[in-house]
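Asks: Provided herewith: my_file25.cif, mmCIF, C-alpha atoms and all ligand atoms.
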```cif
data_coords
#
loop_
_atom_site.group_PDB
_atom_site.id
_atom_site.type_symbol
_atom_site.label_atom_id
_atom_site.label_comp_id
_atom_site.auth_asym_id
_atom_site.auth_seq_id
_atom_site.Cartn_x
_atom_site.Cartn_y
_atom_site.Cartn_z
ATOM 1 C CA MET A 223 117.236 77.290 139.802
ATOM 2 C CA LYS A 224 116.779 75.995 136.266
ATOM 3 C CA GLN A 225 117.162 72.246 136.392
ATOM 4 C CA ASN A 226 120.534 72.018 134.683
ATOM 5 C CA PRO A 227 122.145 75.405 134.084
ATOM 6 C CA PHE A 228 125.153 73.795 132.398
ATOM 7 C CA LEU A 229 123.311 72.150 129.516
ATOM 8 C CA ALA A 230 125.053 73.037 126.221
ATOM 9 C CA VAL A 231 127.015 75.793 127.973
ATOM 10 C CA ASP A 232 130.684 76.750 127.354
ATOM 11 C CA ILE A 233 132.923 76.659 130.430
ATOM 12 C CA LEU A 234 135.360 79.543 129.958
ATOM 13 C CA THR A 235 135.922 81.125 133.370
ATOM 14 C CA ALA A 236 135.569 80.122 137.001
ATOM 15 C CA ASP A 237 133.249 83.121 137.415
ATOM 16 C CA GLN A 238 130.522 80.966 135.866
ATOM 17 C CA PHE A 239 130.418 78.861 139.017
ATOM 18 C CA THR A 240 128.124 80.322 141.649
ATOM 19 C CA LYS A 241 127.371 79.105 145.138
ATOM 20 C CA GLU A 242 124.023 77.952 143.769
ATOM 21 C CA ASN A 243 125.138 75.987 140.712
ATOM 22 C CA LEU A 244 128.145 74.577 142.578
ATOM 23 C CA GLN A 245 125.711 72.568 144.711
ATOM 24 C CA LEU A 246 124.571 70.757 141.584
ATOM 25 C CA VAL A 247 128.181 70.205 140.525
ATOM 26 C CA VAL A 248 129.103 68.798 143.947
ATOM 27 C CA ARG A 249 126.115 66.417 143.913
ATOM 28 C CA THR A 250 126.972 65.230 140.420
ATOM 29 C CA VAL A 251 130.648 64.735 141.297
ATOM 30 C CA LYS A 252 129.648 62.560 144.258
ATOM 31 C CA ASP A 253 127.447 60.469 141.937
ATOM 32 C CA MET A 254 130.414 60.018 139.604
ATOM 33 C CA GLU A 255 132.665 58.933 142.439
ATOM 34 C CA LYS A 256 130.091 56.329 143.487
ATOM 35 C CA LEU A 257 129.753 55.129 139.910
ATOM 36 C CA VAL A 258 133.503 54.671 139.466
ATOM 37 C CA LEU A 259 133.949 52.927 142.813
ATOM 38 C CA LYS A 260 130.975 50.593 142.292
ATOM 39 C CA LYS A 261 130.960 49.817 138.584
ATOM 40 C CA GLY A 262 133.856 51.676 137.002
ATOM 41 C CA ALA A 263 131.796 52.980 134.103
ATOM 42 C CA ASN A 264 128.406 53.340 132.405
ATOM 43 C CA ASP A 265 127.274 54.381 128.945
ATOM 44 C CA ILE A 266 125.196 57.521 129.419
ATOM 45 C CA LEU A 267 127.376 59.380 126.882
ATOM 46 C CA LYS A 268 127.349 56.584 124.295
ATOM 47 C CA GLY A 269 127.375 58.152 120.856
ATOM 48 C CA LYS A 270 128.875 61.429 122.076
ATOM 49 C CA ILE A 271 132.392 62.425 121.065
ATOM 50 C CA MET A 272 134.747 64.867 122.758
ATOM 51 C CA THR A 273 137.623 66.596 120.963
ATOM 52 C CA ALA A 274 140.590 67.255 123.246
ATOM 53 C CA LEU A 275 142.458 70.013 121.397
ATOM 54 C CA PHE A 276 145.649 70.657 123.334
ATOM 55 C CA TYR A 277 148.169 73.187 122.029
ATOM 56 C CA GLU A 278 150.153 73.052 125.275
ATOM 57 C CA PRO A 279 151.522 70.012 127.112
ATOM 58 C CA SER A 280 149.211 68.340 129.603
ATOM 59 C CA SER A 281 149.142 65.065 131.489
ATOM 60 C CA ARG A 282 146.394 65.288 134.097
ATOM 61 C CA THR A 283 143.903 67.584 132.386
ATOM 62 C CA PHE A 284 144.186 65.705 129.096
ATOM 63 C CA GLY A 285 144.236 62.246 130.664
ATOM 64 C CA SER A 286 141.387 62.865 133.070
ATOM 65 C CA PHE A 287 139.131 64.338 130.364
ATOM 66 C CA ILE A 288 139.804 61.319 128.149
ATOM 67 C CA THR A 289 139.121 58.803 130.904
ATOM 68 C CA ALA A 290 136.073 60.790 132.044
ATOM 69 C CA MET A 291 134.577 60.509 128.571
ATOM 70 C CA GLN A 292 135.427 56.819 128.338
ATOM 71 C CA ARG A 293 133.980 55.980 131.730
ATOM 72 C CA LEU A 294 130.677 57.487 130.601
ATOM 73 C CA GLY A 295 130.701 55.494 127.376
ATOM 74 C CA GLY A 296 131.676 58.315 125.013
ATOM 75 C CA GLY A 297 134.416 58.563 122.410
ATOM 76 C CA PHE A 298 137.136 61.119 121.860
ATOM 77 C CA ILE A 299 139.502 62.697 119.356
ATOM 78 C CA PRO A 300 142.823 63.188 121.141
ATOM 79 C CA LEU A 301 144.857 66.068 119.694
ATOM 80 C CA GLN A 302 147.851 66.660 121.883
ATOM 81 C CA GLY A 303 150.717 68.768 120.579
ATOM 82 C CA VAL A 304 150.464 70.647 117.301
ATOM 83 C CA THR A 305 152.965 68.808 115.151
ATOM 84 C CA TYR A 306 150.606 66.319 113.570
ATOM 85 C CA SER A 307 147.642 68.628 113.071
ATOM 86 C CA SER A 308 147.271 71.219 110.374
ATOM 87 C CA VAL A 309 147.913 73.931 112.958
ATOM 88 C CA SER A 310 151.586 73.466 112.102
ATOM 89 C CA LYS A 311 150.672 74.284 108.507
ATOM 90 C CA GLY A 312 149.396 77.643 109.688
ATOM 91 C CA GLU A 313 145.707 76.811 110.136
ATOM 92 C CA SER A 314 143.969 79.357 112.303
ATOM 93 C CA LEU A 315 142.340 78.529 115.611
ATOM 94 C CA PRO A 316 138.836 79.352 114.319
ATOM 95 C CA ASP A 317 139.218 76.980 111.366
ATOM 96 C CA THR A 318 140.549 74.161 113.534
ATOM 97 C CA VAL A 319 137.803 74.603 116.095
ATOM 98 C CA ARG A 320 135.065 74.740 113.466
ATOM 99 C CA THR A 321 136.406 71.541 111.942
ATOM 100 C CA PHE A 322 136.336 69.578 115.188
ATOM 101 C CA ALA A 323 132.994 71.042 116.231
ATOM 102 C CA ASN A 324 131.657 69.320 113.115
ATOM 103 C CA TYR A 325 133.136 65.981 114.091
ATOM 104 C CA SER A 326 132.297 65.985 117.790
ATOM 105 C CA ASP A 327 129.812 67.118 120.450
ATOM 106 C CA ILE A 328 132.128 69.059 122.739
ATOM 107 C CA VAL A 329 135.608 70.582 122.463
ATOM 108 C CA VAL A 330 138.109 70.872 125.318
ATOM 109 C CA ILE A 331 140.867 73.316 124.424
ATOM 110 C CA ARG A 332 144.203 74.196 126.011
ATOM 111 C CA HIS A 333 146.126 77.004 124.370
ATOM 112 C CA PRO A 334 149.026 79.306 125.330
ATOM 113 C CA GLU A 335 147.122 82.549 124.757
ATOM 114 C CA VAL A 336 144.789 84.264 127.210
ATOM 115 C CA GLY A 337 141.311 84.478 125.710
ATOM 116 C CA SER A 338 141.837 81.630 123.243
ATOM 117 C CA ALA A 339 139.045 79.503 124.725
ATOM 118 C CA LYS A 340 136.644 82.420 124.359
ATOM 119 C CA ILE A 341 137.624 82.834 120.712
ATOM 120 C CA ALA A 342 137.199 79.094 120.190
ATOM 121 C CA ALA A 343 133.728 79.259 121.738
ATOM 122 C CA GLU A 344 132.726 82.098 119.430
ATOM 123 C CA PHE A 345 133.505 79.972 116.405
ATOM 124 C CA SER A 346 132.432 76.564 117.686
ATOM 125 C CA SER A 347 128.945 75.239 117.055
ATOM 126 C CA LYS A 348 129.443 72.910 120.043
ATOM 127 C CA PRO A 349 130.195 73.697 123.700
ATOM 128 C CA VAL A 350 133.814 74.552 124.502
ATOM 129 C CA ILE A 351 135.606 73.875 127.791
ATOM 130 C CA ASN A 352 138.644 75.956 128.691
ATOM 131 C CA GLY A 353 141.377 73.504 129.705
ATOM 132 C CA GLY A 354 143.795 76.366 130.395
ATOM 133 C CA ASP A 355 144.347 79.549 128.363
ATOM 134 C CA GLY A 356 147.894 80.756 128.908
ATOM 135 C CA VAL A 357 148.259 82.721 132.130
ATOM 136 C CA GLY A 358 144.503 83.313 132.145
ATOM 137 C CA GLU A 359 142.259 80.698 133.696
ATOM 138 C CA HIS A 360 141.829 76.990 134.282
ATOM 139 C CA PRO A 361 138.235 76.648 135.451
ATOM 140 C CA THR A 362 138.005 72.841 135.560
ATOM 141 C CA GLN A 363 141.139 72.614 137.716
ATOM 142 C CA ALA A 364 139.574 75.217 140.013
ATOM 143 C CA LEU A 365 136.462 73.106 140.219
ATOM 144 C CA LEU A 366 138.383 69.997 141.249
ATOM 145 C CA ASP A 367 140.418 72.007 143.747
ATOM 146 C CA PHE A 368 137.241 73.536 145.173
ATOM 147 C CA TYR A 369 135.618 70.107 145.357
ATOM 148 C CA THR A 370 138.654 68.632 147.120
ATOM 149 C CA ILE A 371 138.469 71.358 149.767
ATOM 150 C CA ILE A 372 134.703 71.214 150.362
ATOM 151 C CA ASN A 373 134.666 67.427 150.348
ATOM 152 C CA HIS A 374 137.416 67.344 152.962
ATOM 153 C CA PHE A 375 136.229 70.109 155.291
ATOM 154 C CA GLY A 376 132.488 69.974 154.564
ATOM 155 C CA LYS A 377 132.539 73.781 154.121
ATOM 156 C CA ILE A 378 134.434 76.670 152.574
ATOM 157 C CA ALA A 379 133.263 79.599 154.709
ATOM 158 C CA GLY A 380 135.680 80.398 157.485
ATOM 159 C CA LEU A 381 138.678 78.531 156.071
ATOM 160 C CA THR A 382 142.118 80.081 155.706
ATOM 161 C CA ILE A 383 143.517 79.157 152.310
ATOM 162 C CA THR A 384 147.130 79.965 151.519
ATOM 163 C CA MET A 385 148.246 80.006 147.884
ATOM 164 C CA VAL A 386 151.968 79.900 147.345
ATOM 165 C CA GLY A 387 154.310 80.284 144.380
ATOM 166 C CA ASP A 388 153.816 81.865 140.965
ATOM 167 C CA LEU A 389 150.626 83.809 141.597
ATOM 168 C CA LEU A 390 151.241 86.058 138.611
ATOM 169 C CA ASN A 391 151.303 83.346 135.955
ATOM 170 C CA GLY A 392 149.550 80.443 137.671
ATOM 171 C CA ARG A 393 146.145 80.100 136.048
ATOM 172 C CA THR A 394 144.960 77.515 138.573
ATOM 173 C CA ILE A 395 145.393 80.126 141.310
ATOM 174 C CA HIS A 396 143.493 82.727 139.298
ATOM 175 C CA SER A 397 140.499 80.477 138.782
ATOM 176 C CA LEU A 398 140.434 78.918 142.255
ATOM 177 C CA SER A 399 140.561 82.270 144.016
ATOM 178 C CA ARG A 400 137.610 83.461 141.912
ATOM 179 C CA ILE A 401 135.485 80.530 143.101
ATOM 180 C CA LEU A 402 136.544 80.759 146.756
ATOM 181 C CA SER A 403 135.975 84.514 146.986
ATOM 182 C CA GLN A 404 132.207 83.938 146.913
ATOM 183 C CA TYR A 405 132.246 82.360 150.360
ATOM 184 C CA ASN A 406 131.860 84.681 153.326
ATOM 185 C CA GLY A 407 134.628 84.779 155.858
ATOM 186 C CA VAL A 408 137.198 82.986 153.726
ATOM 187 C CA LYS A 409 140.721 84.232 154.279
ATOM 188 C CA LEU A 410 142.991 84.048 151.239
ATOM 189 C CA ASN A 411 146.706 84.402 151.881
ATOM 190 C CA PHE A 412 148.805 84.997 148.777
ATOM 191 C CA VAL A 413 152.458 84.146 149.342
ATOM 192 C CA SER A 414 154.934 84.880 146.548
ATOM 193 C CA PRO A 415 158.164 86.622 145.660
ATOM 194 C CA LYS A 416 157.535 90.305 144.814
ATOM 195 C CA LEU A 417 157.949 89.649 141.082
ATOM 196 C CA LEU A 418 155.280 86.947 141.059
ATOM 197 C CA LYS A 419 152.463 88.653 142.947
ATOM 198 C CA LEU A 420 148.812 88.148 142.034
ATOM 199 C CA PRO A 421 147.817 90.356 139.045
ATOM 200 C CA SER A 422 146.476 93.618 140.506
ATOM 201 C CA GLU A 423 143.233 93.537 138.492
ATOM 202 C CA LEU A 424 142.433 90.089 139.890
ATOM 203 C CA LYS A 425 143.219 91.314 143.393
ATOM 204 C CA SER A 426 140.837 94.254 142.934
ATOM 205 C CA ARG A 427 138.103 91.895 141.750
ATOM 206 C CA LEU A 428 138.553 89.644 144.761
ATOM 207 C CA GLU A 429 138.422 92.640 147.057
ATOM 208 C CA LEU A 430 134.845 93.306 145.969
ATOM 209 C CA HIS A 431 133.814 90.207 147.930
ATOM 210 C CA LYS A 432 133.424 89.743 151.680
ATOM 211 C CA ILE A 433 136.708 87.950 152.136
ATOM 212 C CA ILE A 434 140.002 88.792 153.749
ATOM 213 C CA ILE A 435 143.058 89.018 151.513
ATOM 214 C CA TYR A 436 146.618 89.111 152.795
ATOM 215 C CA GLU A 437 149.755 89.215 150.660
ATOM 216 C CA CYS A 438 153.245 88.458 151.918
ATOM 217 C CA GLU A 439 156.553 86.956 150.897
ATOM 218 C CA LYS A 440 157.279 84.635 153.817
ATOM 219 C CA LEU A 441 155.252 81.455 154.192
ATOM 220 C CA SER A 442 156.225 81.278 157.871
ATOM 221 C CA GLU A 443 154.070 84.371 158.492
ATOM 222 C CA VAL A 444 150.839 82.536 157.711
ATOM 223 C CA LEU A 445 151.549 78.806 157.784
ATOM 224 C CA SER A 446 150.434 78.057 161.341
ATOM 225 C CA ASP A 447 146.936 79.518 160.687
ATOM 226 C CA THR A 448 146.502 77.813 157.336
ATOM 227 C CA ASP A 449 143.812 75.188 156.653
ATOM 228 C CA VAL A 450 144.624 74.655 152.976
ATOM 229 C CA LEU A 451 148.192 75.031 151.751
ATOM 230 C CA TYR A 452 147.987 75.273 147.944
ATOM 231 C CA ILE A 453 151.403 75.398 146.347
ATOM 232 C CA THR A 454 152.240 75.827 142.664
ATOM 233 C CA ARG A 455 155.307 75.676 140.475
ATOM 234 C CA VAL A 456 156.956 78.731 138.980
ATOM 235 C CA GLN A 457 155.671 78.723 135.382
ATOM 236 C CA LYS A 458 158.936 78.492 133.435
ATOM 237 C CA GLU A 459 157.248 78.703 130.034
ATOM 238 C CA ARG A 460 155.946 82.198 130.810
ATOM 239 C CA PHE A 461 159.404 83.727 131.412
ATOM 240 C CA THR A 462 161.292 85.569 128.689
ATOM 241 C CA ASP A 463 164.343 85.822 130.959
ATOM 242 C CA LEU A 464 165.188 82.325 132.170
ATOM 243 C CA GLY A 465 167.799 83.793 134.522
ATOM 244 C CA ILE A 466 164.946 85.260 136.588
ATOM 245 C CA TYR A 467 163.142 81.918 136.514
ATOM 246 C CA GLU A 468 166.249 80.149 137.818
ATOM 247 C CA LYS A 469 166.472 82.607 140.708
ATOM 248 C CA LEU A 470 162.824 82.219 141.667
ATOM 249 C CA LYS A 471 162.039 78.578 140.900
ATOM 250 C CA HIS A 472 162.811 77.189 144.319
ATOM 251 C CA HIS A 473 161.780 80.147 146.410
ATOM 252 C CA TYR A 474 159.437 77.883 148.385
ATOM 253 C CA ILE A 475 160.031 74.221 149.098
ATOM 254 C CA ILE A 476 157.625 72.307 151.312
ATOM 255 C CA THR A 477 159.423 69.655 153.343
ATOM 256 C CA THR A 478 158.363 67.576 156.332
ATOM 257 C CA ASP A 479 160.278 70.074 158.447
ATOM 258 C CA VAL A 480 158.281 73.010 157.080
ATOM 259 C CA LEU A 481 155.049 71.115 157.747
ATOM 260 C CA LYS A 482 155.928 70.733 161.419
ATOM 261 C CA ASN A 483 154.670 74.302 161.769
ATOM 262 C CA ALA A 484 151.373 73.619 159.999
ATOM 263 C CA LYS A 485 148.087 72.601 161.643
ATOM 264 C CA LYS A 486 147.520 68.886 162.173
ATOM 265 C CA THR A 487 144.191 69.361 160.406
ATOM 266 C CA ALA A 488 145.595 71.271 157.428
ATOM 267 C CA ILE A 489 145.706 69.818 153.919
ATOM 268 C CA VAL A 490 148.406 70.239 151.287
ATOM 269 C CA MET A 491 147.411 70.626 147.634
ATOM 270 C CA HIS A 492 149.267 71.122 144.344
ATOM 271 C CA PRO A 493 147.817 71.077 140.796
ATOM 272 C CA PHE A 494 150.957 69.330 139.507
ATOM 273 C CA PRO A 495 153.355 68.990 137.803
ATOM 274 C CA ARG A 496 155.668 69.639 140.734
ATOM 275 C CA VAL A 497 159.232 70.549 139.930
ATOM 276 C CA GLY A 498 160.759 70.559 143.369
ATOM 277 C CA GLU A 499 158.231 72.630 145.365
ATOM 278 C CA ILE A 500 157.264 69.676 147.555
ATOM 279 C CA SER A 501 159.833 67.153 148.634
ATOM 280 C CA MET A 502 158.921 63.485 148.106
ATOM 281 C CA ASP A 503 158.923 62.656 151.824
ATOM 282 C CA VAL A 504 155.875 64.891 152.255
ATOM 283 C CA ASP A 505 153.901 62.431 150.093
ATOM 284 C CA ASN A 506 153.498 60.085 153.061
ATOM 285 C CA ASP A 507 152.099 62.797 155.329
ATOM 286 C CA LYS A 508 148.366 62.220 155.739
ATOM 287 C CA ARG A 509 147.787 65.920 155.107
ATOM 288 C CA ALA A 510 149.136 65.573 151.550
ATOM 289 C CA LEU A 511 146.133 65.245 149.205
ATOM 290 C CA TYR A 512 147.802 66.101 145.901
ATOM 291 C CA ILE A 513 148.405 62.561 144.691
ATOM 292 C CA THR A 514 145.310 61.029 146.224
ATOM 293 C CA ASP A 515 142.016 62.925 146.550
ATOM 294 C CA GLN A 516 142.962 65.891 144.401
ATOM 295 C CA MET A 517 143.930 63.808 141.369
ATOM 296 C CA ARG A 518 141.040 61.376 141.620
ATOM 297 C CA ASN A 519 138.638 64.277 141.995
ATOM 298 C CA GLY A 520 139.971 65.633 138.696
ATOM 299 C CA MET A 521 138.458 62.646 136.944
ATOM 300 C CA TYR A 522 135.151 62.734 138.842
ATOM 301 C CA VAL A 523 134.732 66.473 138.297
ATOM 302 C CA ARG A 524 135.344 66.167 134.559
ATOM 303 C CA MET A 525 132.884 63.273 134.336
ATOM 304 C CA ALA A 526 130.312 65.440 136.110
ATOM 305 C CA LEU A 527 130.893 68.413 133.818
ATOM 306 C CA LEU A 528 130.668 66.327 130.646
ATOM 307 C CA LYS A 529 127.393 64.811 131.848
ATOM 308 C CA LEU A 530 125.925 68.185 132.836
ATOM 309 C CA ILE A 531 126.895 69.885 129.563
ATOM 310 C CA LEU A 532 125.910 67.039 127.248
ATOM 311 C CA LEU A 533 122.740 65.622 128.848
ATOM 312 C CA PRO A 534 119.508 67.395 129.814
HETATM 313 C C1 LIG B 601 148.382 73.218 135.751
HETATM 314 C C2 LIG B 601 148.223 73.995 134.467
HETATM 315 O O1 LIG B 601 148.365 73.457 133.386
HETATM 316 O O2 LIG B 601 147.898 75.172 134.592
HETATM 317 N N1 LIG B 601 148.436 71.849 135.554
HETATM 318 C C3 LIG B 601 147.266 71.153 135.530
HETATM 319 O O3 LIG B 601 146.410 71.360 134.710
HETATM 320 N N2 LIG B 601 147.091 70.251 136.491
HETATM 321 C C4 LIG B 601 149.451 73.719 136.624
HETATM 322 C C5 LIG B 601 150.814 73.906 136.078
HETATM 323 O O4 LIG B 601 151.087 73.610 134.920
HETATM 324 O O5 LIG B 601 151.657 74.351 136.864
#
```
Any chance you could put this one into C-alpha cells?

Replies:
Amino acid sequence: MKQNPFLAVDILTADQFTKENLQLVVRTVKDMEKLVLKKGANDILKGKIMTALFYEPSSRTFGSFITAMQRLGGGFIPLQGVTYSSVSKGESLPDTVRTFANYSDIVVIRHPEVGSAKIAAEFSSKPVINGGDGVGEHPTQALLDFYTIINHFGKIAGLTITMVGDLLNGRTIHSLSRILSQYNGVKLNFVSPKLLKLPSELKSRLELHKIIIYECEKLSEVLSDTDVLYITRVQKERFTDLGIYEKLKHHYIITTDVLKNAKKTAIVMHPFPRVGEISMDVDNDKRALYITDQMRNGMYVRMALLKLILLP
C-alpha cells in the first residue's frame, strides 16, 4: 500500500474506505487518542487552516472537527448557518467553496443536497470532506462508528449489527453499512417502518458483498441476536408531510426494559441528536456507548483524518 493513501484526497463517500486503508486509519486514531489522553494537543498542523462550511445545523460534527483542528495546532474558519455568509445573498456553492479554498487548506462541508460535497470538491483547489450531504452520506460519522465497533469488539467479521429507525433518510446508516459490508460474515439487520426502509439501490449494492442482510419491522425479531444496536432518529427535516413524521417518529424507543432482551455483551450506539429514541435511563447501562466512546471517537477520528489528508 502507498504510504499514505489519504494525502490531499477528498473524502466524499464511505466507499473510499477499504479494509486495507482502514488499518492505517485505525492506527492513526489510536495515536490521536493517546495524544489527547497524555498531552491534550500538539502542533503538527500549525499553519494549516480548516474551513468548516455548514449549511445545515450540526453540533457534534462541527464541534469535533473544530476541536480536532485545534488539538493539532491548526486554525479554522467556522461558518455555521447561512445567515451571515454571502450564501444568503444568493452566492452559489462553487463560488463560496472557491473563496474558502483560497483562504484555507481544507474544507469540511455539510449541505442539505445529495451530491453537494462532490460538487464542492470539483470546484475546490483544496481537499473537501463531506460532513453530510442531505440524505446521501456522512462518511466521517461512519468512520467513527466503525472505529467504535472495531475498538470494542476487536473485529467486525461475524458480528450481527442491527440498524434501527429512519433507514431511508439517515445518511449515517447509508455510509456505515457501506463500510461494514466489506467484512465477511457480517450480518446486517435493517429494522424500520415500511415507509422508511433502506433505499433499494443501496440494498442492491450491499447485496453484492458476502454479507447477510435481513429487513424487518419488529426489533424484537432480531434484538436477542444483536451485537451492535445502532438506532437513529426519524429525520424530520426530510419530510414534506409532517403528519407522517409525527406518526413515525417514536416507532422505536429503546428503554431499559427493551434492553433486557439484548445480549449482555451487546453495545448500543446512536449518532445523535436523539429525540426520544433512547430513554435517559439507558444512559447508565454499561452497554450504552453513545455518550462515551462513540462521541470521543468522533474527535479522535477527525484528528486522524485531518492529519492523514494534510501531512505526508
Ligand atoms: C447525524 C447527521 O447529521 O446525519 N448527526 C451527526 O452528524 N452526528 C445524525 C442525525 O442528524 O440524525

Asks: Would you compute, for all listed atoms of ligand LIG 601 (chain B), the axis-aligned bounding box grown by 3 Å on each side, and then report its centre and edge lengths in Å rounded to one decimal, as JSON?

Replies:
```
{"center_x": 149.0, "center_y": 72.7, "center_z": 135.1, "size_x": 11.2, "size_y": 10.9, "size_z": 9.5}
```

Asks: Please expand the PyMOL selection byres (((not hetatm)) within 8 of (chain B and resi 601)) into the concrete residues it hits in this file, giving the result as a PDB file with C-alpha atoms, in the frame of the given file.

Replies:
```pdb
ATOM      1  CA  PRO A 279     151.522  70.012 127.112  1.00  0.00           C
ATOM      2  CA  SER A 280     149.211  68.340 129.603  1.00  0.00           C
ATOM      3  CA  SER A 281     149.142  65.065 131.489  1.00  0.00           C
ATOM      4  CA  ARG A 282     146.394  65.288 134.097  1.00  0.00           C
ATOM      5  CA  THR A 283     143.903  67.584 132.386  1.00  0.00           C
ATOM      6  CA  GLY A 353     141.377  73.504 129.705  1.00  0.00           C
ATOM      7  CA  GLY A 354     143.795  76.366 130.395  1.00  0.00           C
ATOM      8  CA  GLY A 356     147.894  80.756 128.908  1.00  0.00           C
ATOM      9  CA  VAL A 357     148.259  82.721 132.130  1.00  0.00           C
ATOM     10  CA  GLU A 359     142.259  80.698 133.696  1.00  0.00           C
ATOM     11  CA  HIS A 360     141.829  76.990 134.282  1.00  0.00           C
ATOM     12  CA  GLN A 363     141.139  72.614 137.716  1.00  0.00           C
ATOM     13  CA  GLY A 392     149.550  80.443 137.671  1.00  0.00           C
ATOM     14  CA  ARG A 393     146.145  80.100 136.048  1.00  0.00           C
ATOM     15  CA  THR A 394     144.960  77.515 138.573  1.00  0.00           C
ATOM     16  CA  THR A 454     152.240  75.827 142.664  1.00  0.00           C
ATOM     17  CA  ARG A 455     155.307  75.676 140.475  1.00  0.00           C
ATOM     18  CA  VAL A 456     156.956  78.731 138.980  1.00  0.00           C
ATOM     19  CA  GLN A 457     155.671  78.723 135.382  1.00  0.00           C
ATOM     20  CA  PRO A 493     147.817  71.077 140.796  1.00  0.00           C
ATOM     21  CA  PHE A 494     150.957  69.330 139.507  1.00  0.00           C
ATOM     22  CA  PRO A 495     153.355  68.990 137.803  1.00  0.00           C
ATOM     23  CA  ARG A 496     155.668  69.639 140.734  1.00  0.00           C
TER      24      ARG A 496
END
```

Asks: Tell me, as a PDB file with C-alpha atoms, keeping the file's coordinate frame, which residues lie within 6 Å of A:Met491, counting all atoms listed in the file; anything in the same chain fewer than 5 positions away does not count.

Replies:
```pdb
ATOM      1  CA  TYR A 452     147.987  75.273 147.944  1.00  0.00           C
ATOM      2  CA  LEU A 511     146.133  65.245 149.205  1.00  0.00           C
ATOM      3  CA  TYR A 512     147.802  66.101 145.901  1.00  0.00           C
TER       4      TYR A 512
END
```

Asks: Quick one: apply the PyMOL selection byres (((chain A and resi 284) around 10) and not hetatm) to the file and drop the selected residues here as an MDAnalysis selection string.

Replies: chainID A and resid 274:276 279:283 285:290 300:302 330:332 353

Asks: How would you write as number ranges by chain the residues that get within 12 Å of (133.4, 70.1, 113.8) in the file's frame, counting all atoms listed in the file?

Replies: A: 271-273, 275, 299, 316-329, 342, 345-350

Asks: How would you write, as a tab-separated table (two decimals) with C-alpha atoms, in the coordinates of the input, the residues chosen by the PyMOL selection byres (((chain A and resi 409) around 12) and not hetatm) on this structure?

Replies:
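Once everything was written out, this is selection20.tsv:
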```tsv
chain	number	residue	atom	x	y	z
A	378	ILE	CA	134.43	76.67	152.57
A	379	ALA	CA	133.26	79.60	154.71
A	380	GLY	CA	135.68	80.40	157.49
A	381	LEU	CA	138.68	78.53	156.07
A	382	THR	CA	142.12	80.08	155.71
A	383	ILE	CA	143.52	79.16	152.31
A	384	THR	CA	147.13	79.96	151.52
A	385	MET	CA	148.25	80.01	147.88
A	399	SER	CA	140.56	82.27	144.02
A	402	LEU	CA	136.54	80.76	146.76
A	403	SER	CA	135.98	84.51	146.99
A	404	GLN	CA	132.21	83.94	146.91
A	405	TYR	CA	132.25	82.36	150.36
A	406	ASN	CA	131.86	84.68	153.33
A	407	GLY	CA	134.63	84.78	155.86
A	408	VAL	CA	137.20	82.99	153.73
A	410	LEU	CA	142.99	84.05	151.24
A	411	ASN	CA	146.71	84.40	151.88
A	412	PHE	CA	148.80	85.00	148.78
A	428	LEU	CA	138.55	89.64	144.76
A	429	GLU	CA	138.42	92.64	147.06
A	431	HIS	CA	133.81	90.21	147.93
A	432	LYS	CA	133.42	89.74	151.68
A	433	ILE	CA	136.71	87.95	152.14
A	434	ILE	CA	140.00	88.79	153.75
A	435	ILE	CA	143.06	89.02	151.51
A	436	TYR	CA	146.62	89.11	152.79
A	437	GLU	CA	149.76	89.22	150.66
A	444	VAL	CA	150.84	82.54	157.71
A	447	ASP	CA	146.94	79.52	160.69
A	448	THR	CA	146.50	77.81	157.34
A	449	ASP	CA	143.81	75.19	156.65
A	450	VAL	CA	144.62	74.66	152.98
```

Asks: Report as a PyMOL selection string all protein, DNA and RNA residues lying within 8 Å of A:Gly387, evaluated on all atoms listed in the file, omitting residues in the same chain fewer than 5 positions from it.

Replies: chain A and resi 413-415+418+453-456+473-474

Asks: Counting all atoms listed in the file, find the residues whose atoms lie at most 8 Å from (155.1, 68.3, 148.0) (file coordinates) and write them out as a ChimeraX atom specification.

Replies: /A:475-477,490,492,496,498-505,510,512

Asks: In Å, how far is it from atom CA of A:Gly337 to atom CA of A:Arg524?

Replies: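 It comes out at 21.2 Å.
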
Asks: Do you have the atom CA of A:Leu481-atom CA of A:Asp515 distance handy?

Replies: 19.0 Å
